[in-house]
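Undergrad: Could you have a look at this structure, given as structure tokens, before my questions?
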Amino acid sequence: MRLINHKLLSVFFNMPNKIKIHLADDHQVLIDGMLAVLNTNSKFEVVGHSLNGVDLVETVKNNKAEILIMDINMPHKDGIEVLKEFSEKGYTCRVIILSSYDDVKLIKEVLKLGASGYLSKQCAGESILEAIEVVSNGKEYFSENIQDKIFSSFSGNPTSDTNNEFQMGNILTERELEILKLISLELSGKEIGEKLFISSHTVESHRKNLIKKLNVKNTIGLVKYALKNDLIKQ
């Protein structure tokens, strides 16, 4: 009788690896609520949770979580400190901030520190699954109300006195600034074209020119450049 090759069987019959998720919030009831939502999707696996920031970094390292969903306001060590520690230790876990705060200055700070998404607690139930999918694919995600907050905060004057880094001889045209603003909100080329009454091909040409002008690698680089150089008012 022919022996069964168990390694081959595992290749053909094993399910795809689940996305490993860690939850961090100081309210157990919110942790339980997120668990209930995440357990509805077979692609996700919650590998741990934390009620404070003290042991969060080490726990994430040990359970090899790929996505961390974290509140900013936690006892003993807040989300800002956790993000800084992640950066110092070179952790690759992608972080989605879940917060009741929608202050643009705070949003800007956590994105600078490497967060990949920002969700308002008010709409987390309907957005959390989509946010994980988007962030796990290397993109950034903002809940709709956070997008609105960011959009309304964009400065229309990149050469003001408080924008020294962006002056550089009016490096971007008005059209490029418009497109950069819409790219930062993760609109597609088609959606941007419809808003600005230009073709998606023209949008793509502008996007490539922006990447070259600003010396970044990709679209995420454009978003972070906009944040770093104060295109968003605080």
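Order determines the names: the first chain of the structure tokens is A, the second B, and so forth; residues in each chain are numbered 1 upward, and ligands are numbered 1 upward as they are shown.
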Listing only residues of region 63-105 of chain A within 10 Å of region 123-145 of chain A, what is the closest atom pair and its distance in Å (to one decimal) for each, using only C-alpha atoms, sorted by chain and residue number ascending, as JSON lines?
TA:
{"residue": "A:Glu66", "atom": "CA", "partner": "A:Ser136", "partner_atom": "CA", "distance": 7.8}
{"residue": "A:Ile67", "atom": "CA", "partner": "A:Ser136", "partner_atom": "CA", "distance": 7.3}
{"residue": "A:Leu68", "atom": "CA", "partner": "A:Ile132", "partner_atom": "CA", "distance": 9.4}
{"residue": "A:Ile69", "atom": "CA", "partner": "A:Ile132", "partner_atom": "CA", "distance": 8.9}
{"residue": "A:Cys93", "atom": "CA", "partner": "A:Ser136", "partner_atom": "CA", "distance": 9.7}
{"residue": "A:Arg94", "atom": "CA", "partner": "A:Val135", "partner_atom": "CA", "distance": 7.2}
{"residue": "A:Val95", "atom": "CA", "partner": "A:Val135", "partner_atom": "CA", "distance": 8.4}
{"residue": "A:Ile96", "atom": "CA", "partner": "A:Ala131", "partner_atom": "CA", "distance": 7.9}
{"residue": "A:Ile97", "atom": "CA", "partner": "A:Phe142", "partner_atom": "CA", "distance": 9.4}
{"residue": "A:Leu98", "atom": "CA", "partner": "A:Ala124", "partner_atom": "CA", "distance": 7.5}
{"residue": "A:Ser99", "atom": "CA", "partner": "A:Ala124", "partner_atom": "CA", "distance": 9.1}
{"residue": "A:Ser100", "atom": "CA", "partner": "A:Cys123", "partner_atom": "CA", "distance": 9.9}
{"residue": "A:Asp102", "atom": "CA", "partner": "A:Asn145", "partner_atom": "CA", "distance": 8.5}
Undergrad: Take the residues from that selection and put them in a file with all heavy atoms, as a JSON list (two decimals), in the first residue's frame.
TA:
[["chain", "number", "residue", "atom", "x", "y", "z"],
["A", 66, "GLU", "N", 0.08, 39.94, 13.92],
["A", 66, "GLU", "CA", 0.34, 40.72, 12.70],
["A", 66, "GLU", "C", -0.38, 42.06, 12.73],
["A", 66, "GLU", "O", 0.07, 43.03, 12.14],
["A", 66, "GLU", "CB", -0.10, 39.92, 11.48],
["A", 66, "GLU", "CG", 0.62, 38.59, 11.32],
["A", 66, "GLU", "CD", -0.14, 37.65, 10.42],
["A", 66, "GLU", "OE1", 0.09, 37.70, 9.20],
["A", 66, "GLU", "OE2", -0.97, 36.87, 10.94],
["A", 67, "ILE", "N", -1.53, 42.10, 13.42],
["A", 67, "ILE", "CA", -2.33, 43.32, 13.53],
["A", 67, "ILE", "C", -2.60, 43.58, 15.01],
["A", 67, "ILE", "O", -3.03, 42.68, 15.74],
["A", 67, "ILE", "CB", -3.68, 43.18, 12.81],
["A", 67, "ILE", "CG1", -3.50, 42.82, 11.32],
["A", 67, "ILE", "CG2", -4.50, 44.46, 12.95],
["A", 67, "ILE", "CD1", -2.98, 43.93, 10.46],
["A", 68, "LEU", "N", -2.33, 44.80, 15.44],
["A", 68, "LEU", "CA", -2.68, 45.23, 16.79],
["A", 68, "LEU", "C", -3.77, 46.29, 16.70],
["A", 68, "LEU", "O", -3.60, 47.30, 16.03],
["A", 68, "LEU", "CB", -1.46, 45.81, 17.50],
["A", 68, "LEU", "CG", -1.70, 46.57, 18.81],
["A", 68, "LEU", "CD1", -2.31, 45.65, 19.87],
["A", 68, "LEU", "CD2", -0.42, 47.20, 19.31],
["A", 69, "ILE", "N", -4.90, 46.03, 17.36],
["A", 69, "ILE", "CA", -5.97, 47.02, 17.44],
["A", 69, "ILE", "C", -5.90, 47.62, 18.84],
["A", 69, "ILE", "O", -6.10, 46.92, 19.84],
["A", 69, "ILE", "CB", -7.35, 46.38, 17.19],
["A", 69, "ILE", "CG1", -7.36, 45.73, 15.80],
["A", 69, "ILE", "CG2", -8.46, 47.43, 17.29],
["A", 69, "ILE", "CD1", -8.60, 44.90, 15.52],
["A", 93, "CYS", "N", 4.56, 44.52, 13.41],
["A", 93, "CYS", "CA", 3.12, 44.44, 13.63],
["A", 93, "CYS", "C", 2.45, 45.74, 13.18],
["A", 93, "CYS", "O", 2.89, 46.83, 13.54],
["A", 93, "CYS", "CB", 2.85, 44.18, 15.11],
["A", 93, "CYS", "SG", 1.10, 44.10, 15.53],
["A", 94, "ARG", "N", 1.40, 45.62, 12.38],
["A", 94, "ARG", "CA", 0.70, 46.81, 11.89],
["A", 94, "ARG", "C", -0.37, 47.21, 12.91],
["A", 94, "ARG", "O", -1.08, 46.35, 13.44],
["A", 94, "ARG", "CB", 0.10, 46.54, 10.52],
["A", 94, "ARG", "CG", 1.19, 46.27, 9.47],
["A", 94, "ARG", "CD", 0.62, 45.97, 8.11],
["A", 94, "ARG", "NE", -0.02, 47.13, 7.52],
["A", 94, "ARG", "CZ", 0.63, 48.13, 6.92],
["A", 94, "ARG", "NH1", 1.94, 48.11, 6.85],
["A", 94, "ARG", "NH2", -0.03, 49.13, 6.39],
["A", 95, "VAL", "N", -0.47, 48.50, 13.17],
["A", 95, "VAL", "CA", -1.30, 49.00, 14.27],
["A", 95, "VAL", "C", -2.50, 49.79, 13.75],
["A", 95, "VAL", "O", -2.34, 50.71, 12.94],
["A", 95, "VAL", "CB", -0.48, 49.88, 15.23],
["A", 95, "VAL", "CG1", -1.36, 50.39, 16.37],
["A", 95, "VAL", "CG2", 0.72, 49.12, 15.78],
["A", 96, "ILE", "N", -3.67, 49.41, 14.23],
["A", 96, "ILE", "CA", -4.89, 50.17, 13.97],
["A", 96, "ILE", "C", -5.30, 50.83, 15.29],
["A", 96, "ILE", "O", -5.49, 50.14, 16.30],
["A", 96, "ILE", "CB", -6.04, 49.27, 13.48],
["A", 96, "ILE", "CG1", -5.67, 48.61, 12.15],
["A", 96, "ILE", "CG2", -7.34, 50.08, 13.32],
["A", 96, "ILE", "CD1", -6.66, 47.56, 11.69],
["A", 97, "ILE", "N", -5.39, 52.14, 15.29],
["A", 97, "ILE", "CA", -5.81, 52.86, 16.49],
["A", 97, "ILE", "C", -7.34, 52.88, 16.56],
["A", 97, "ILE", "O", -8.01, 53.19, 15.58],
["A", 97, "ILE", "CB", -5.28, 54.30, 16.49],
["A", 97, "ILE", "CG1", -3.74, 54.31, 16.47],
["A", 97, "ILE", "CG2", -5.80, 55.07, 17.70],
["A", 97, "ILE", "CD1", -3.09, 53.65, 17.67],
["A", 98, "LEU", "N", -7.86, 52.52, 17.71],
["A", 98, "LEU", "CA", -9.30, 52.57, 17.96],
["A", 98, "LEU", "C", -9.52, 53.53, 19.12],
["A", 98, "LEU", "O", -9.12, 53.25, 20.25],
["A", 98, "LEU", "CB", -9.81, 51.17, 18.32],
["A", 98, "LEU", "CG", -11.30, 50.99, 18.54],
["A", 98, "LEU", "CD1", -12.07, 51.32, 17.27],
["A", 98, "LEU", "CD2", -11.61, 49.58, 18.99],
["A", 99, "SER", "N", -10.10, 54.68, 18.84],
["A", 99, "SER", "CA", -10.13, 55.72, 19.85],
["A", 99, "SER", "C", -11.43, 56.53, 19.79],
["A", 99, "SER", "O", -12.07, 56.62, 18.75],
["A", 99, "SER", "CB", -8.94, 56.67, 19.66],
["A", 99, "SER", "OG", -8.97, 57.72, 20.60],
["A", 100, "SER", "N", -11.79, 57.11, 20.93],
["A", 100, "SER", "CA", -12.92, 58.02, 20.97],
["A", 100, "SER", "C", -12.50, 59.44, 20.63],
["A", 100, "SER", "O", -13.34, 60.33, 20.48],
["A", 100, "SER", "CB", -13.58, 57.99, 22.35],
["A", 100, "SER", "OG", -12.63, 58.31, 23.36],
["A", 102, "ASP", "N", -10.91, 62.30, 18.13],
["A", 102, "ASP", "CA", -10.77, 62.54, 16.69],
["A", 102, "ASP", "C", -9.99, 63.82, 16.43],
["A", 102, "ASP", "O", -10.15, 64.46, 15.38],
["A", 102, "ASP", "CB", -12.14, 62.58, 16.00],
["A", 102, "ASP", "CG", -13.03, 63.71, 16.50],
["A", 102, "ASP", "OD1", -12.60, 64.43, 17.44],
["A", 102, "ASP", "OD2", -14.13, 63.88, 15.96]]
Undergrad: DSSP on the backbone, then: every residue of region 71-161 of chain A marked helix (DSSP H, G or I), written as an MDAnalysis selection string.
TA: chainID A and resid 79:89 104:112 121:136 144:153
Undergrad: Identify, on the basis of only C-alpha atoms, every residue whose closest approach to region 21-23 of chain A does not exceed 9 Å; exclude the query and any residue fewer than 5 positions from it along the same chain; express the result as a PyMOL selection string.
TA: chain A and resi 31+34-35+44-51+59-60+63-71+132
Undergrad: Quick one: write out the picked residues with C-alpha atoms as an mmCIF file, in the first residue's frame?
TA:
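Result went into result.cif, see below:
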data_model
loop_
_atom_site.group_PDB
_atom_site.id
_atom_site.type_symbol
_atom_site.label_atom_id
_atom_site.label_comp_id
_atom_site.auth_asym_id
_atom_site.auth_seq_id
_atom_site.Cartn_x
_atom_site.Cartn_y
_atom_site.Cartn_z
ATOM 1 C CA ILE A 31 -12.486 43.662 24.201
ATOM 2 C CA MET A 34 -14.472 43.137 19.390
ATOM 3 C CA LEU A 35 -13.948 39.415 19.985
ATOM 4 C CA PHE A 44 -9.052 36.225 11.636
ATOM 5 C CA GLU A 45 -7.588 34.765 14.817
ATOM 6 C CA VAL A 46 -7.381 36.770 18.041
ATOM 7 C CA VAL A 47 -4.170 35.566 19.680
ATOM 8 C CA GLY A 48 -4.254 37.772 22.775
ATOM 9 C CA HIS A 49 -5.498 40.899 24.476
ATOM 10 C CA SER A 50 -4.163 43.480 26.928
ATOM 11 C CA LEU A 51 -5.939 45.769 29.383
ATOM 12 C CA THR A 59 3.092 40.107 24.553
ATOM 13 C CA VAL A 60 2.748 41.082 20.899
ATOM 14 C CA ASN A 63 2.341 35.815 20.181
ATOM 15 C CA LYS A 64 3.597 37.120 16.814
ATOM 16 C CA ALA A 65 0.471 39.158 16.163
ATOM 17 C CA GLU A 66 0.343 40.717 12.702
ATOM 18 C CA ILE A 67 -2.333 43.317 13.531
ATOM 19 C CA LEU A 68 -2.684 45.231 16.795
ATOM 20 C CA ILE A 69 -5.973 47.021 17.444
ATOM 21 C CA MET A 70 -5.192 49.496 20.204
ATOM 22 C CA ASP A 71 -6.798 52.311 22.142
ATOM 23 C CA ILE A 132 -8.173 44.709 9.153
#
Undergrad: Could you pull out the strand (DSSP E) residues of region 25-228 of chain A, going by DSSP on the backbone, and write them as a PDB file with N, CA and C atoms, in the first residue's frame?
TA:
ATOM      1  N   PHE A  44      -9.699  35.530  10.529  1.00  0.00           N
ATOM      2  CA  PHE A  44      -9.052  36.225  11.636  1.00  0.00           C
ATOM      3  C   PHE A  44      -8.904  35.310  12.850  1.00  0.00           C
ATOM      4  N   GLU A  45      -7.808  35.501  13.574  1.00  0.00           N
ATOM      5  CA  GLU A  45      -7.588  34.765  14.817  1.00  0.00           C
ATOM      6  C   GLU A  45      -7.071  35.739  15.875  1.00  0.00           C
ATOM      7  N   VAL A  46      -7.831  35.919  16.936  1.00  0.00           N
ATOM      8  CA  VAL A  46      -7.381  36.770  18.041  1.00  0.00           C
ATOM      9  C   VAL A  46      -6.452  35.947  18.914  1.00  0.00           C
ATOM     10  N   VAL A  47      -5.184  36.349  18.971  1.00  0.00           N
ATOM     11  CA  VAL A  47      -4.170  35.566  19.680  1.00  0.00           C
ATOM     12  C   VAL A  47      -3.868  36.111  21.068  1.00  0.00           C
ATOM     13  N   GLY A  48      -4.476  37.232  21.446  1.00  0.00           N
ATOM     14  CA  GLY A  48      -4.254  37.772  22.775  1.00  0.00           C
ATOM     15  C   GLY A  48      -4.924  39.115  22.957  1.00  0.00           C
ATOM     16  N   HIS A  49      -4.982  39.558  24.202  1.00  0.00           N
ATOM     17  CA  HIS A  49      -5.498  40.899  24.476  1.00  0.00           C
ATOM     18  C   HIS A  49      -4.814  41.464  25.718  1.00  0.00           C
ATOM     19  N   SER A  50      -4.792  42.785  25.810  1.00  0.00           N
ATOM     20  CA  SER A  50      -4.163  43.480  26.928  1.00  0.00           C
ATOM     21  C   SER A  50      -5.101  44.569  27.437  1.00  0.00           C
ATOM     22  N   ILE A  67      -1.532  42.096  13.415  1.00  0.00           N
ATOM     23  CA  ILE A  67      -2.333  43.317  13.531  1.00  0.00           C
ATOM     24  C   ILE A  67      -2.596  43.582  15.014  1.00  0.00           C
ATOM     25  N   LEU A  68      -2.334  44.802  15.439  1.00  0.00           N
ATOM     26  CA  LEU A  68      -2.684  45.231  16.795  1.00  0.00           C
ATOM     27  C   LEU A  68      -3.775  46.286  16.700  1.00  0.00           C
ATOM     28  N   ILE A  69      -4.900  46.032  17.359  1.00  0.00           N
ATOM     29  CA  ILE A  69      -5.973  47.021  17.444  1.00  0.00           C
ATOM     30  C   ILE A  69      -5.900  47.624  18.839  1.00  0.00           C
ATOM     31  N   MET A  70      -5.593  48.906  18.923  1.00  0.00           N
ATOM     32  CA  MET A  70      -5.192  49.496  20.204  1.00  0.00           C
ATOM     33  C   MET A  70      -5.862  50.835  20.456  1.00  0.00           C
ATOM     34  N   ARG A  94       1.400  45.620  12.377  1.00  0.00           N
ATOM     35  CA  ARG A  94       0.701  46.808  11.893  1.00  0.00           C
ATOM     36  C   ARG A  94      -0.367  47.205  12.909  1.00  0.00           C
ATOM     37  N   VAL A  95      -0.467  48.504  13.172  1.00  0.00           N
ATOM     38  CA  VAL A  95      -1.301  48.998  14.270  1.00  0.00           C
ATOM     39  C   VAL A  95      -2.500  49.792  13.746  1.00  0.00           C
ATOM     40  N   ILE A  96      -3.675  49.414  14.225  1.00  0.00           N
ATOM     41  CA  ILE A  96      -4.894  50.174  13.975  1.00  0.00           C
ATOM     42  C   ILE A  96      -5.299  50.827  15.290  1.00  0.00           C
ATOM     43  N   ILE A  97      -5.391  52.141  15.294  1.00  0.00           N
ATOM     44  CA  ILE A  97      -5.812  52.858  16.488  1.00  0.00           C
ATOM     45  C   ILE A  97      -7.338  52.880  16.557  1.00  0.00           C
ATOM     46  N   LEU A  98      -7.859  52.524  17.713  1.00  0.00           N
ATOM     47  CA  LEU A  98      -9.297  52.566  17.963  1.00  0.00           C
ATOM     48  C   LEU A  98      -9.516  53.531  19.123  1.00  0.00           C
ATOM     49  N   SER A  99     -10.102  54.677  18.836  1.00  0.00           N
ATOM     50  CA  SER A  99     -10.135  55.725  19.851  1.00  0.00           C
ATOM     51  C   SER A  99     -11.426  56.531  19.789  1.00  0.00           C
ATOM     52  N   GLY A 117      -3.761  52.674  10.641  1.00  0.00           N
ATOM     53  CA  GLY A 117      -5.175  52.980  10.531  1.00  0.00           C
ATOM     54  C   GLY A 117      -5.681  53.683  11.760  1.00  0.00           C
ATOM     55  N   TYR A 118      -6.836  54.323  11.629  1.00  0.00           N
ATOM     56  CA  TYR A 118      -7.429  55.058  12.744  1.00  0.00           C
ATOM     57  C   TYR A 118      -8.944  54.940  12.635  1.00  0.00           C
ATOM     58  N   LEU A 119      -9.549  54.376  13.670  1.00  0.00           N
ATOM     59  CA  LEU A 119     -10.989  54.179  13.697  1.00  0.00           C
ATOM     60  C   LEU A 119     -11.596  54.893  14.891  1.00  0.00           C
ATOM     61  N   SER A 120     -12.737  55.495  14.681  1.00  0.00           N
ATOM     62  CA  SER A 120     -13.500  56.049  15.788  1.00  0.00           C
ATOM     63  C   SER A 120     -14.275  54.923  16.459  1.00  0.00           C
ATOM     64  N   TYR A 141      -5.965  52.753   6.616  1.00  0.00           N
ATOM     65  CA  TYR A 141      -7.425  52.814   6.691  1.00  0.00           C
ATOM     66  C   TYR A 141      -7.868  53.845   7.719  1.00  0.00           C
ATOM     67  N   PHE A 142      -8.842  54.674   7.323  1.00  0.00           N
ATOM     68  CA  PHE A 142      -9.471  55.627   8.239  1.00  0.00           C
ATOM     69  C   PHE A 142     -10.977  55.417   8.176  1.00  0.00           C
TER      70      PHE A 142
END
Undergrad: Neighbouring residues of Glu81 (chain A) were defined as those with any atom within 12 Å, considering only C-alpha atoms; residues of the same chain fewer than 3 positions away were excluded. Please report them as a PyMOL selection string.
TA: chain A and resi 52-54+56-57+70-78+84-88+109-110+113-114
Undergrad: Could you save the residues just selected, with C-alpha atoms, as a short mmCIF file (atom, residue, chain, number, x, y, z; two decimals), in the first residue's frame?
TA:
data_model
loop_
_atom_site.label_atom_id
_atom_site.label_comp_id
_atom_site.auth_asym_id
_atom_site.auth_seq_id
_atom_site.Cartn_x
_atom_site.Cartn_y
_atom_site.Cartn_z
CA ASN A 52 -2.94 48.10 29.82
CA GLY A 53 0.16 49.13 27.91
CA VAL A 54 2.83 47.80 30.28
CA LEU A 56 1.62 44.92 25.57
CA VAL A 57 4.83 45.21 23.55
CA MET A 70 -5.19 49.50 20.20
CA ASP A 71 -6.80 52.31 22.14
CA ILE A 72 -4.69 55.44 22.66
CA ASN A 73 -5.77 56.02 26.24
CA MET A 74 -4.52 53.07 28.33
CA PRO A 75 -3.22 52.92 31.90
CA HIS A 76 0.50 52.83 32.77
CA LYS A 77 1.66 53.20 29.16
CA ASP A 78 -0.44 54.91 26.48
CA LYS A 84 7.44 54.62 19.97
CA GLU A 85 8.60 51.36 21.54
CA PHE A 86 7.49 49.41 18.47
CA SER A 87 9.58 51.74 16.33
CA GLU A 88 12.64 51.49 18.58
CA GLU A 109 1.07 62.04 15.55
CA VAL A 110 0.14 58.34 15.56
CA LEU A 113 4.80 57.01 14.55
CA GLY A 114 3.81 54.25 12.14
#
Undergrad: For a test of reading the model, state the distance in Å between CA of Thr219 (chain A) and CA of Gln122 (chain A), rounded to one decimal.
TA: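 Distance reported for this atom pair: 28.0 Å.
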Undergrad: Could you jot down the CA of Val203 (chain A) to CA of Lys224 (chain A) separation for me, Å, one decimal place?
TA: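 A separation of 19.0 Å between them.
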Undergrad: Excluding Leu187 (chain A) and any residue of its chain fewer than 4 positions from it, enumerate the residues within 12 Å of it, using only C-alpha atoms, and give them as a tab-separated table (two decimals) with C-alpha atoms, in the first residue's frame.
TA:
chain	number	residue	atom	x	y	z
A	140	GLU	CA	-3.85	52.50	5.45
A	141	TYR	CA	-7.43	52.81	6.69
A	142	PHE	CA	-9.47	55.63	8.24
A	144	GLU	CA	-15.37	57.69	7.34
A	147	GLN	CA	-11.53	60.86	6.75
A	151	PHE	CA	-10.12	66.26	4.66
A	178	GLU	CA	-5.56	68.72	-4.71
A	179	ILE	CA	-4.61	65.26	-5.94
A	180	LEU	CA	-2.27	64.66	-3.00
A	181	LYS	CA	-5.13	65.57	-0.64
A	182	LEU	CA	-7.48	63.07	-2.28
A	183	ILE	CA	-4.83	60.35	-2.49
A	191	GLU	CA	-12.90	58.69	-7.88
A	192	ILE	CA	-10.29	61.46	-7.94
A	193	GLY	CA	-10.86	61.97	-11.65
A	194	GLU	CA	-14.60	62.31	-11.12
A	195	LYS	CA	-14.13	64.87	-8.34
A	196	LEU	CA	-11.67	66.97	-10.35
A	200	SER	CA	-8.02	58.54	-14.36
A	203	VAL	CA	-4.60	61.27	-12.16
A	219	THR	CA	1.28	56.07	-2.34
A	223	VAL	CA	0.32	60.26	2.59
Undergrad: I'd like the interatomic distance between CA of Leu210 (chain A) and CA of Leu222 (chain A), to a tenth of an Å.
TA: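 Computing it gives 7.6 Å between the two atoms.
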